[in-house]
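Visitor: This structure is in structure tokens; I'll ask about it shortly.
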Amino acid sequence: MVMCDYFSASDDDMAVRVLDQPGGPDPSVFDVVPLKGIDPVVVTAQLEAILTGCTYDEASERPRAGQVLSSPESESAFIVSVSDTLQDALASAAHTSFVEAAGPWSETDELRQYGITSDTTLEVLVLLSGLAGRARSAGLRLFCWWAL
């Protein structure tokens, strides 16, 4: 299962500097939520579609949606941006929206293959919502350190 550490940073350059240190973003420097199997390209676009009511294609084509910011030739880890639309949806949605989204999100092929249940997706939504809210309050953006 792939490692995905979601974190907030002031800008793309600061986020890419995470790759200078092995093991992902340092929790003493960054606000980090470690999540296994929640990839920052397909799975987050599916989540954005569910939370905002758009299509998967619309979500995946938004600016910053799953954009690889680091060198694509890297073989160990990448830094990927999270769309501002998803960050805003996570930061502003009510808990009831997460309860409603957890089931459909857990039923996507990508999450089902890892055996991720709706209870787990609800926990992930709460964690990501907290990260997104803290980032928005501090004027930061969301990123993912994605290690294969």
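Here, A, B, ... name the chains of the structure tokens in the order displayed, residue numbers run from 1 inside each chain, and ligands are numbered from 1 in the same displayed order.
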Which residues are close to region 72-83 of chain A, i.e. within 6 Å by only C-alpha atoms, leaving aside same-chain residues fewer than 4 positions away? Reply as a ChimeraX atom specification.
Guide: /A:16,64-68,142-147
Visitor: Which polymer residues have any atom within 8 Å of an atom of Gly24 (chain A), counting only C-alpha atoms, with same-chain residues fewer than 3 positions away left out, as a VMD selection string?
Guide: chain A and resid 5 18 to 19 21 145
Visitor: Rank A:Val29, A:Ile116, A:Leu90, A:Ala15 by their smallest atom-to-atom distance to Ser129 (chain A), using only C-alpha atoms, and report the top residue only.
Guide: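 Nearest to Ser129 (chain A): A:Leu90.
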Visitor: Counting only C-alpha atoms, what is within 8 Å of Asp31 (chain A), bar same-chain residues fewer than 5 positions away, as a list in words?
Guide: Phe7, Ser8 and Leu131 of chain A
Visitor: Restricting it to N, CA and C atoms, dump the selection as a short mmCIF file (atom, residue, chain, number, x, y, z; two decimals), in the first residue's frame.
Guide:
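Result saved to again.cif:
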data_model
loop_
_atom_site.label_atom_id
_atom_site.label_comp_id
_atom_site.auth_asym_id
_atom_site.auth_seq_id
_atom_site.Cartn_x
_atom_site.Cartn_y
_atom_site.Cartn_z
N PHE A 7 -0.24 17.22 4.08
CA PHE A 7 0.32 18.27 4.93
C PHE A 7 0.01 19.63 4.34
N SER A 8 0.19 20.66 5.15
CA SER A 8 -0.02 22.02 4.68
C SER A 8 1.32 22.74 4.62
N LEU A 131 -7.24 19.15 9.02
CA LEU A 131 -6.04 19.66 8.36
C LEU A 131 -6.40 20.82 7.43
#
Visitor: Out of A:Leu86, A:Met14, A:Val124, A:Leu47, which residue has the shortest atom-to-atom distance to Ser70 (chain A) when counting only C-alpha atoms?
Guide: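 Checking each of A:Leu86, A:Met14, A:Val124, A:Leu47 against Ser70 (chain A), counting only C-alpha atoms, the winner is A:Met14.
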Visitor: Running DSSP on the backbone, which parts of chain A land in alpha helix (DSSP H), as number ranges by chain?
Guide: A: 12-16, 42-52, 56-60, 84-92, 95-106, 109-112, 118-138
Visitor: Using only C-alpha atoms, which residues sit within 10 Å of Gly37 (chain A) once same-chain residues fewer than 4 positions away are excluded, as a list in words?
Guide: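 Everything that qualifies: Met1, Val2, Met3, Cys4, Val43, Glu110, Leu111, Gln113, Tyr114, Ile116 and Trp146 of chain A.
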Visitor: Considering only C-alpha atoms, state which residue in the set A:Val99, A:Cys54, A:Leu35, A:Leu140 is at the smallest distance from Leu122 (chain A).
Guide: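 Checking each candidate against Leu122 (chain A), we get A:Val99 as the closest.
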Visitor: Could you please determine the separation between CA of Glu100 (chain A) and CA of Pro34 (chain A) in Å, to one decimal place?
Guide: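 Separation of CA of Glu100 (chain A) and CA of Pro34 (chain A): 23.0 Å.
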Visitor: Using DSSP assignments from the backbone, pull out every residue in chain A that falls under strand (DSSP E) and give it to me as a PyMOL selection string.
Guide: chain A and resi 3-9+32-36+77-81+141-147
Visitor: Report the distance between CA of Tyr56 (chain A) and CA of Ala135 (chain A) in Å, rounded to one decimal place.
Guide: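 Interatomic distance here is 24.3 Å.
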Visitor: Out of A:Asp20, A:Ala49, A:Ala102, A:Tyr6, which residue has the shortest atom-to-atom distance to Lys36 (chain A) when counting only C-alpha atoms?
Guide: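 Answer, going by the shortest atom-to-atom distance: A:Tyr6.
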Visitor: Kindly indicate which residue among A:Pro22, A:Arg17, A:Ser92, A:Ala101 lies nearest to Leu51 (chain A), using only C-alpha atoms for the distances.
Guide: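 The answer is A:Ala101, which sits nearest to Leu51 (chain A).
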Visitor: For a test of reading the model, state the distance in Å between CA of Thr44 (chain A) and CA of Pro25 (chain A), rounded to one decimal.
Guide: 19.2 Å
Visitor: Of the candidates A:Ile50, A:Leu69, A:Ala138, A:Leu128, which one gets nearest to Ala91 (chain A) if we count only C-alpha atoms?
Guide: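 Smallest distance to Ala91 (chain A) is found for A:Leu128.
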